[in-house]
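Content type mmCIF, C-alpha atoms and all ligand atoms, from the file model33.cif:
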```cif
data_entry
#
loop_
_atom_site.label_atom_id
_atom_site.label_comp_id
_atom_site.auth_asym_id
_atom_site.auth_seq_id
_atom_site.Cartn_x
_atom_site.Cartn_y
_atom_site.Cartn_z
CA MET A 1 -78.38 33.76 -50.89
CA SER A 2 -79.92 32.19 -47.88
CA ILE A 3 -77.61 30.32 -45.57
CA LYS A 4 -79.23 27.01 -44.65
CA THR A 5 -77.54 24.41 -42.52
CA PRO A 6 -78.88 21.13 -41.10
CA LEU A 7 -79.40 23.04 -37.82
CA CYS A 8 -82.25 24.94 -39.52
CA GLU A 9 -84.12 21.69 -40.10
CA ILE A 10 -83.55 20.43 -36.58
CA LEU A 11 -84.84 23.66 -35.03
CA GLU A 12 -87.39 24.37 -37.78
CA ILE A 13 -86.03 27.89 -38.33
CA GLU A 14 -85.29 29.77 -41.55
CA LYS A 15 -81.99 31.34 -40.52
CA PRO A 16 -79.30 29.72 -38.34
CA ILE A 17 -79.06 32.64 -35.92
CA LEU A 18 -79.90 32.36 -32.24
CA GLN A 19 -80.36 35.19 -29.77
CA GLY A 20 -78.63 34.54 -26.47
CA GLY A 21 -80.91 33.88 -23.50
CA MET A 22 -79.63 36.79 -21.42
CA ALA A 23 -80.99 37.10 -17.87
CA TRP A 24 -83.30 40.16 -17.43
CA VAL A 25 -82.54 41.31 -21.01
CA ALA A 26 -83.98 38.50 -23.12
CA THR A 27 -87.68 38.98 -22.46
CA GLY A 28 -90.60 37.55 -24.43
CA GLU A 29 -90.70 40.68 -26.62
CA LEU A 30 -87.09 40.33 -27.76
CA ALA A 31 -87.31 36.56 -28.23
CA ALA A 32 -90.54 36.80 -30.25
CA SER A 33 -89.02 39.49 -32.50
CA VAL A 34 -86.03 37.30 -33.33
CA SER A 35 -88.21 34.26 -34.03
CA ILE A 36 -90.57 36.33 -36.22
CA ALA A 37 -87.51 37.50 -38.19
CA GLY A 38 -86.65 33.86 -38.93
CA GLY A 39 -84.04 33.14 -36.26
CA LEU A 40 -84.48 31.54 -32.85
CA GLY A 41 -85.42 33.93 -30.05
CA ILE A 42 -84.56 32.71 -26.56
CA ILE A 43 -86.04 33.88 -23.26
CA GLY A 44 -83.43 34.28 -20.51
CA SER A 45 -84.63 32.85 -17.21
CA GLY A 46 -81.58 33.82 -15.12
CA ASN A 47 -82.56 33.58 -11.45
CA ALA A 48 -86.26 34.24 -12.08
CA PRO A 49 -88.90 31.97 -10.53
CA ALA A 50 -91.00 29.79 -12.84
CA ASP A 51 -94.14 31.97 -12.72
CA VAL A 52 -92.17 34.97 -14.04
CA VAL A 53 -90.71 32.88 -16.88
CA ALA A 54 -94.19 31.47 -17.65
CA LYS A 55 -95.40 35.03 -18.36
CA GLU A 56 -92.58 35.57 -20.85
CA ILE A 57 -93.41 32.29 -22.58
CA ALA A 58 -97.06 33.40 -22.81
CA LYS A 59 -95.92 36.68 -24.45
CA VAL A 60 -93.97 34.82 -27.11
CA LYS A 61 -96.84 32.42 -27.81
CA GLU A 62 -99.19 35.39 -28.17
CA MET A 63 -96.87 37.15 -30.63
CA THR A 64 -95.87 34.20 -32.85
CA ASP A 65 -96.39 30.52 -33.65
CA LYS A 66 -92.74 30.17 -34.66
CA PRO A 67 -90.28 28.11 -32.61
CA PHE A 68 -88.55 29.80 -29.70
CA GLY A 69 -86.31 28.80 -26.83
CA VAL A 70 -85.80 29.33 -23.12
CA ASN A 71 -82.38 29.40 -21.48
CA VAL A 72 -82.25 27.67 -18.11
CA MET A 73 -79.39 29.05 -16.02
CA LEU A 74 -78.27 26.04 -13.99
CA LEU A 75 -77.07 28.06 -10.96
CA SER A 76 -80.64 29.28 -10.45
CA PRO A 77 -82.34 28.17 -7.22
CA PHE A 78 -85.44 27.44 -9.33
CA VAL A 79 -83.93 24.99 -11.83
CA ASP A 80 -86.24 22.08 -10.98
CA ASP A 81 -89.37 24.24 -11.27
CA LEU A 82 -88.08 25.66 -14.54
CA ILE A 83 -87.53 22.23 -16.04
CA ASP A 84 -91.11 21.28 -15.05
CA LEU A 85 -92.30 24.49 -16.72
CA MET A 86 -90.38 23.71 -19.94
CA ILE A 87 -92.13 20.34 -20.06
CA GLU A 88 -95.62 21.72 -19.28
CA GLU A 89 -95.27 24.46 -21.88
CA LYS A 90 -93.65 22.17 -24.46
CA VAL A 91 -90.93 24.77 -25.06
CA PRO A 92 -89.49 23.91 -28.49
CA VAL A 93 -85.83 24.54 -27.59
CA VAL A 94 -84.20 24.55 -24.16
CA THR A 95 -80.68 25.93 -23.92
CA THR A 96 -78.75 25.68 -20.67
CA GLY A 97 -75.87 27.67 -19.22
CA ALA A 98 -73.47 27.78 -16.29
CA GLY A 99 -73.40 24.04 -15.62
CA ASN A 100 -73.99 20.47 -16.72
CA PRO A 101 -77.66 19.81 -17.63
CA GLY A 102 -77.11 16.01 -17.82
CA LYS A 103 -79.83 14.92 -15.43
CA TYR A 104 -82.55 16.89 -17.26
CA VAL A 105 -81.79 15.96 -20.88
CA ASP A 106 -83.88 12.81 -21.09
CA ARG A 107 -87.06 14.26 -19.57
CA LEU A 108 -86.89 17.35 -21.75
CA GLN A 109 -86.38 15.38 -24.94
CA LYS A 110 -89.17 12.93 -24.07
CA ALA A 111 -91.49 15.96 -23.72
CA GLY A 112 -90.49 17.07 -27.23
CA SER A 113 -87.97 19.81 -26.47
CA LYS A 114 -84.68 20.06 -28.30
CA VAL A 115 -81.87 20.43 -25.77
CA ILE A 116 -78.86 22.61 -26.54
CA PRO A 117 -76.35 23.12 -23.72
CA VAL A 118 -73.83 25.94 -23.74
CA VAL A 119 -70.38 24.40 -23.38
CA PRO A 120 -67.08 26.18 -22.74
CA SER A 121 -64.79 23.17 -23.25
CA VAL A 122 -64.16 20.08 -25.36
CA ALA A 123 -64.61 17.79 -22.35
CA LEU A 124 -68.13 18.99 -21.61
CA ALA A 125 -68.98 19.00 -25.33
CA ARG A 126 -68.02 15.33 -25.60
CA ARG A 127 -69.98 14.41 -22.48
CA MET A 128 -73.10 16.22 -23.69
CA ALA A 129 -72.88 14.74 -27.20
CA ARG A 130 -72.66 11.27 -25.65
CA MET A 131 -75.86 12.00 -23.70
CA GLY A 132 -77.63 12.61 -26.99
CA VAL A 133 -78.29 16.36 -26.87
CA ASP A 134 -79.56 17.89 -30.13
CA ALA A 135 -76.81 20.47 -30.71
CA LEU A 136 -74.23 22.45 -28.75
CA ILE A 137 -73.58 26.14 -28.28
CA ALA A 138 -69.81 26.51 -27.98
CA GLU A 139 -69.28 29.81 -26.20
CA GLY A 140 -65.90 31.52 -26.14
CA THR A 141 -64.57 33.81 -23.44
CA GLU A 142 -65.29 36.84 -25.66
CA ALA A 143 -68.94 36.53 -24.63
CA GLY A 144 -70.72 38.72 -22.10
CA GLY A 145 -71.94 37.51 -18.72
CA HIS A 146 -70.63 34.32 -17.14
CA ILE A 147 -67.77 32.97 -19.25
CA GLY A 148 -65.35 30.09 -19.71
CA GLU A 149 -61.60 30.24 -20.41
CA LEU A 150 -61.19 29.40 -24.10
CA ALA A 151 -61.62 31.85 -26.94
CA THR A 152 -64.13 31.14 -29.72
CA MET A 153 -61.51 30.72 -32.47
CA PRO A 154 -59.77 27.70 -30.88
CA LEU A 155 -62.90 26.36 -29.15
CA ILE A 156 -65.16 25.86 -32.18
CA PRO A 157 -62.95 23.67 -34.40
CA GLN A 158 -61.79 21.56 -31.45
CA ILE A 159 -65.40 20.79 -30.56
CA VAL A 160 -66.51 20.35 -34.19
CA ASP A 161 -63.81 17.68 -34.58
CA VAL A 162 -65.09 15.46 -31.77
CA VAL A 163 -68.89 15.61 -32.00
CA ASP A 164 -71.34 14.64 -34.73
CA ILE A 165 -74.09 17.09 -33.82
CA PRO A 166 -74.42 20.73 -34.96
CA VAL A 167 -72.23 23.27 -33.19
CA ILE A 168 -73.40 26.87 -32.79
CA ALA A 169 -70.68 29.47 -32.25
CA ALA A 170 -71.12 32.12 -29.55
CA GLY A 171 -68.86 34.75 -28.04
CA GLY A 172 -67.38 37.55 -30.11
CA VAL A 173 -69.80 37.32 -33.03
CA GLY A 174 -71.61 40.55 -33.82
CA ASP A 175 -71.90 40.86 -37.59
CA GLY A 176 -71.78 38.96 -40.88
CA ARG A 177 -68.00 38.73 -40.89
CA GLY A 178 -68.02 36.95 -37.54
CA PHE A 179 -70.83 34.71 -38.79
CA ALA A 180 -68.84 33.79 -41.93
CA ALA A 181 -65.77 33.09 -39.80
CA ALA A 182 -67.81 30.79 -37.53
CA LEU A 183 -69.01 28.87 -40.61
CA MET A 184 -65.39 28.50 -41.74
CA LEU A 185 -64.56 26.99 -38.35
CA GLY A 186 -67.25 24.36 -38.85
CA ALA A 187 -70.14 25.92 -36.94
CA GLN A 188 -73.64 25.49 -38.36
CA GLY A 189 -74.99 28.66 -36.81
CA VAL A 190 -74.25 31.49 -34.42
CA GLN A 191 -75.66 32.87 -31.21
CA LEU A 192 -75.50 36.62 -30.63
CA GLY A 193 -76.18 38.36 -27.35
CA THR A 194 -74.65 41.85 -27.20
CA ARG A 195 -75.78 42.77 -30.75
CA PHE A 196 -79.42 41.99 -29.86
CA VAL A 197 -79.30 44.13 -26.70
CA CYS A 198 -78.97 47.16 -28.97
CA THR A 199 -82.27 46.69 -30.77
CA THR A 200 -85.51 48.65 -30.55
CA GLU A 201 -87.42 45.58 -29.34
CA CYS A 202 -85.04 44.91 -26.43
CA THR A 203 -86.72 46.10 -23.21
CA ALA A 204 -83.48 46.83 -21.31
CA ALA A 205 -83.05 50.40 -19.99
CA PRO A 206 -81.83 52.88 -22.65
CA GLU A 207 -78.77 53.54 -20.45
CA TYR A 208 -77.75 49.86 -20.77
CA LYS A 209 -77.88 50.02 -24.57
CA GLU A 210 -75.98 53.33 -24.56
CA ALA A 211 -73.27 51.85 -22.33
CA ILE A 212 -72.66 49.17 -24.97
CA ILE A 213 -72.72 51.69 -27.80
CA GLY A 214 -70.23 53.90 -25.92
CA ALA A 215 -67.89 50.99 -25.12
CA ARG A 216 -64.58 50.61 -26.92
CA ASP A 217 -62.57 47.48 -27.68
CA ARG A 218 -61.05 46.98 -24.21
CA ASP A 219 -64.01 48.08 -22.10
CA ALA A 220 -65.69 44.69 -21.60
CA VAL A 221 -63.69 43.44 -18.61
CA VAL A 222 -63.83 40.32 -16.46
CA THR A 223 -64.72 40.51 -12.77
CA GLY A 224 -65.25 37.88 -10.09
CA ARG A 225 -62.56 35.43 -11.15
CA ILE A 226 -61.98 34.34 -7.55
CA THR A 227 -65.66 33.43 -7.11
CA GLY A 228 -65.26 30.67 -9.71
CA HIS A 229 -67.94 32.38 -11.81
CA PRO A 230 -66.14 35.07 -13.80
CA VAL A 231 -68.36 37.61 -15.51
CA ARG A 232 -67.63 39.91 -18.45
CA ASN A 233 -69.16 43.34 -18.07
CA ILE A 234 -68.55 46.91 -19.19
CA LYS A 235 -65.95 48.74 -17.11
CA ASN A 236 -67.60 51.10 -14.60
CA GLN A 237 -67.65 52.05 -10.93
CA LEU A 238 -68.78 48.54 -9.93
CA THR A 239 -66.08 46.70 -11.91
CA ARG A 240 -63.43 49.02 -10.44
CA GLU A 241 -64.73 48.35 -6.91
CA LEU A 242 -64.75 44.59 -7.50
CA GLU A 243 -61.23 44.73 -8.92
CA LYS A 244 -60.03 46.71 -5.88
CA MET A 245 -61.68 44.24 -3.49
CA GLU A 246 -60.05 41.34 -5.30
CA ASN A 247 -56.61 43.02 -5.18
CA GLU A 248 -57.03 43.69 -1.48
CA GLY A 249 -57.80 40.04 -0.77
CA ALA A 250 -61.56 40.18 -0.22
CA SER A 251 -63.24 36.79 0.20
CA LYS A 252 -65.32 35.01 -2.45
CA GLU A 253 -68.43 35.73 -0.36
CA GLU A 254 -67.66 39.45 -0.06
CA ILE A 255 -67.17 39.74 -3.83
CA GLU A 256 -70.37 37.81 -4.54
CA GLU A 257 -72.27 40.07 -2.13
CA ALA A 258 -70.90 43.24 -3.78
CA ALA A 259 -71.85 41.98 -7.26
CA SER A 260 -75.25 40.62 -6.26
CA GLY A 261 -78.25 42.23 -7.95
CA GLY A 262 -75.97 44.25 -10.20
CA LEU A 263 -77.40 42.95 -13.47
CA ARG A 264 -80.97 43.73 -12.42
CA ARG A 265 -79.98 47.27 -11.39
CA ALA A 266 -78.31 47.92 -14.74
CA VAL A 267 -81.00 46.36 -16.94
CA THR A 268 -84.17 47.50 -15.19
CA GLU A 269 -83.09 50.74 -13.45
CA GLY A 270 -80.47 51.88 -15.95
CA ASP A 271 -77.86 52.03 -13.15
CA VAL A 272 -74.91 51.60 -15.48
CA MET A 273 -72.34 52.92 -12.99
CA GLY A 274 -73.19 50.86 -9.90
CA GLY A 275 -74.74 47.92 -11.74
CA SER A 276 -73.34 45.14 -13.92
CA VAL A 277 -73.60 45.89 -17.65
CA MET A 278 -72.93 42.37 -18.91
CA ALA A 279 -71.76 42.50 -22.53
CA GLY A 280 -69.17 40.86 -24.75
CA GLN A 281 -65.89 41.95 -26.32
CA ILE A 282 -67.82 42.74 -29.49
CA SER A 283 -69.36 45.78 -27.73
CA GLY A 284 -66.84 48.04 -29.49
CA LEU A 285 -68.38 47.00 -32.82
CA VAL A 286 -71.97 47.73 -31.82
CA ASN A 287 -72.67 51.36 -32.62
CA ASP A 288 -76.41 51.71 -33.13
CA ILE A 289 -79.86 50.65 -32.04
CA LYS A 290 -82.11 49.27 -34.76
CA PRO A 291 -84.98 46.82 -35.21
CA VAL A 292 -84.19 43.10 -34.85
CA ALA A 293 -85.24 42.38 -38.44
CA GLU A 294 -82.74 44.96 -39.74
CA VAL A 295 -79.94 43.53 -37.63
CA ILE A 296 -80.63 40.06 -39.01
CA ASP A 297 -81.03 41.22 -42.64
CA GLU A 298 -77.77 43.16 -42.51
CA ILE A 299 -75.91 40.22 -41.00
CA PHE A 300 -77.08 37.87 -43.76
CA LYS A 301 -76.21 40.39 -46.49
CA GLN A 302 -72.75 40.75 -44.97
CA VAL A 303 -72.26 36.96 -44.69
CA GLU A 304 -72.98 36.71 -48.39
CA GLN A 305 -70.62 39.59 -49.28
CA THR A 306 -67.89 38.16 -47.09
CA LEU A 307 -68.17 34.65 -48.49
CA ASN A 308 -68.16 36.03 -52.05
CA LYS A 309 -65.19 38.27 -51.38
CA TYR A 310 -62.96 35.64 -49.83
CA CYS A 311 -64.21 32.27 -51.02
CA LYS A 312 -65.15 32.65 -54.71
CA LYS A 313 -61.65 32.15 -55.99
CA PHE A 314 -61.11 28.84 -54.26
O1 LIG A 401 -74.44 31.24 -18.65
C1 LIG A 401 -73.92 32.01 -19.41
N1 LIG A 401 -73.90 33.34 -19.20
C2 LIG A 401 -74.41 33.94 -18.09
S1 LIG A 401 -75.20 33.18 -16.81
C3 LIG A 401 -75.37 34.62 -16.02
S2 LIG A 401 -76.09 34.74 -14.46
C4 LIG A 401 -74.70 34.63 -13.48
N2 LIG A 401 -74.26 35.73 -12.90
C5 LIG A 401 -73.19 35.69 -12.12
C6 LIG A 401 -72.48 34.52 -11.91
C7 LIG A 401 -72.90 33.40 -12.55
C8 LIG A 401 -74.02 33.44 -13.35
C9 LIG A 401 -74.84 35.63 -16.75
N3 LIG A 401 -74.32 35.23 -17.90
N4 LIG A 401 -73.34 31.59 -20.54
C10 LIG A 401 -73.23 30.21 -20.83
C11 LIG A 401 -72.06 29.63 -20.15
N5 LIG A 401 -72.07 28.46 -19.63
N6 LIG A 401 -70.86 30.20 -20.01
C12 LIG A 401 -70.06 29.30 -19.37
C13 LIG A 401 -70.85 28.21 -19.12
C14 LIG A 401 -70.54 26.97 -18.49
C15 LIG A 401 -69.59 26.89 -17.48
C16 LIG A 401 -69.32 25.66 -16.88
C17 LIG A 401 -71.22 25.83 -18.87
C18 LIG A 401 -70.96 24.63 -18.27
C19 LIG A 401 -70.03 24.55 -17.29
O2 LIG A 401 -69.84 23.32 -16.78
C20 LIG A 401 -69.13 23.10 -15.61
C21 LIG A 401 -69.46 21.70 -15.21
O3 LIG A 401 -70.33 21.59 -14.34
O4 LIG A 401 -68.94 20.78 -15.83
#
```
Reformat the file's structure so that it appears as structure tokens.
Amino acid sequence: MSIKTPLCEILEIEKPILQGGMAWVATGELAASVSIAGGLGIIGSGNAPADVVAKEIAKVKEMTDKPFGVNVMLLSPFVDDLIDLMIEEKVPVVTTGAGNPGKYVDRLQKAGSKVIPVVPSVALARRMARMGVDALIAEGTEAGGHIGELATMPLIPQIVDVVDIPVIAAGGVGDGRGFAAALMLGAQGVQLGTRFVCTTECTAAPEYKEAIIGARDRDAVVTGRITGHPVRNIKNQLTRELEKMENEGASKEEIEEAASGGLRRAVTEGDVMGGSVMAGQISGLVNDIKPVAEVIDEIFKQVEQTLNKYCKKF
């Protein structure tokens, strides 16, 4: 059985599975591998300048003609340059995170890009749908990295009920059971981040992947709440220091300073004690490293098994 939803037609993909555009982690290699396997690979731009992101786009275009995406992180100091780059490169799908992409939607769509904002709430979902975006990624607080308040289970159906564009579920999905559950909630596809970190094609340091594999159910903790930009990452020396600073009344600026550069250190140097190993609550379920195509094949087999097991009788 192949799961096809209208989202597949909109994005011109075979399988309604997106790979999260994780800063530093989601390079051209990872994104291309996911797109080649029939999903939508997404380059994570994070805080990178446009020329760095341009190189990752070139890598994807060299490896495949299939559609791919780029995530524009709206807190980046280079947002305007990145939007220009998306338009120049005619990036098929632009996802956004950590803010409201309203003022860029029109220009991106006129240049031929599909625009899919990540939304953590019904209010922002409504606003974005009214602006005419192509789909939404509704991301629950189970996700890794910068997160919103609501969990995926209540978030998805509340958004599905008020918009008439496809909703993609993200946050806490790591296998075919989670995928099937997201479909039951009304989602037309899923976005996975943490699961795709633990793949052979992911260029993150081996220590980063091992930290996820070693994590148990309660190890993906939230730091930086007082900064207004809470982040979910695997418990380590850094998260304990940040927690201590917060308890002792450190300022927003001091916490931001202590966390700054942590993701880069973890991903590129393998500093998984002093760096920030951003990963979701599903980390406890991720126990191996395998090729992207195997991850995707197994997920779709499990979706089928799950739907057969629970839905046939009805
Ligand atoms: O963006 C993410 N995940 C990220 S971004 C990132 S880099 C970073 N590091 C430290 C602090 C802040 C950023 C690491 N992980 N996911 C998508 C996402 N978007 N999660 C939550 C949101 C979001 C939050 C508020 C989207 C829109 C929003 O709107 C507020 C508004 O302006 O209305």
Q: For segment 57-74 of chain A, work out the shell of residues within 8 Å, counting all atoms listed in the file and skipping chain neighbours fewer than 3 positions away, then give it as a PyMOL selection string.
A: chain A and resi 11-13+21-22+28-29+31-32+35-36+40-47+53-54+79+82-83+86+91-101
**Q.** Contact residues around segment 126-137 of chain A with all atoms listed in the file at 10 Å, ignoring same-chain residues under 4 positions, as a PyMOL selection string
**A.** chain A and resi 7+10-11+18+20+93+95-97+100-103+105-106+109+113-122+156+159-160+162-171+187-191
Q) Nearest to Leu183 of chain A: which of A:Ala26, A:Leu155, A:Ala111, A:Ile3 is it, counting only C-alpha atoms? A)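 Of all the options, A:Ile3 lies closest to Leu183 of chain A.
In terms of minimum interatomic distance to Thr152 of chain A, A:Glu139 ranks closest within A:Glu254, A:Glu139, A:Glu294, A:Glu304, counting all atoms listed in the file.
Computed from the coordinates, the atom CA of Thr227 of chain A to atom C13 of ligand LIG 401 (chain A) distance equals 14.1 Å.
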Q | 7 Å contact set for segment 195-207 of chain A, all atoms listed in the file, chain neighbours under 4 positions out, as a list of chain:residue names | A | A:Gln19, A:Val25, A:Glu29, A:Leu30, A:Gly174, A:Ala211, A:Val267, A:Thr268, A:Glu269, A:Gly270, A:Val272, A:Val286, A:Asp288, A:Ile289, A:Lys290, A:Pro291, A:Val292
**Q.** Top pick for closest residue to ligand LIG 401 (chain A), considering A:Glu256, A:Asp81, A:Asp217, A:Glu9 and counting all atoms listed in the file
**A.** A:Glu256
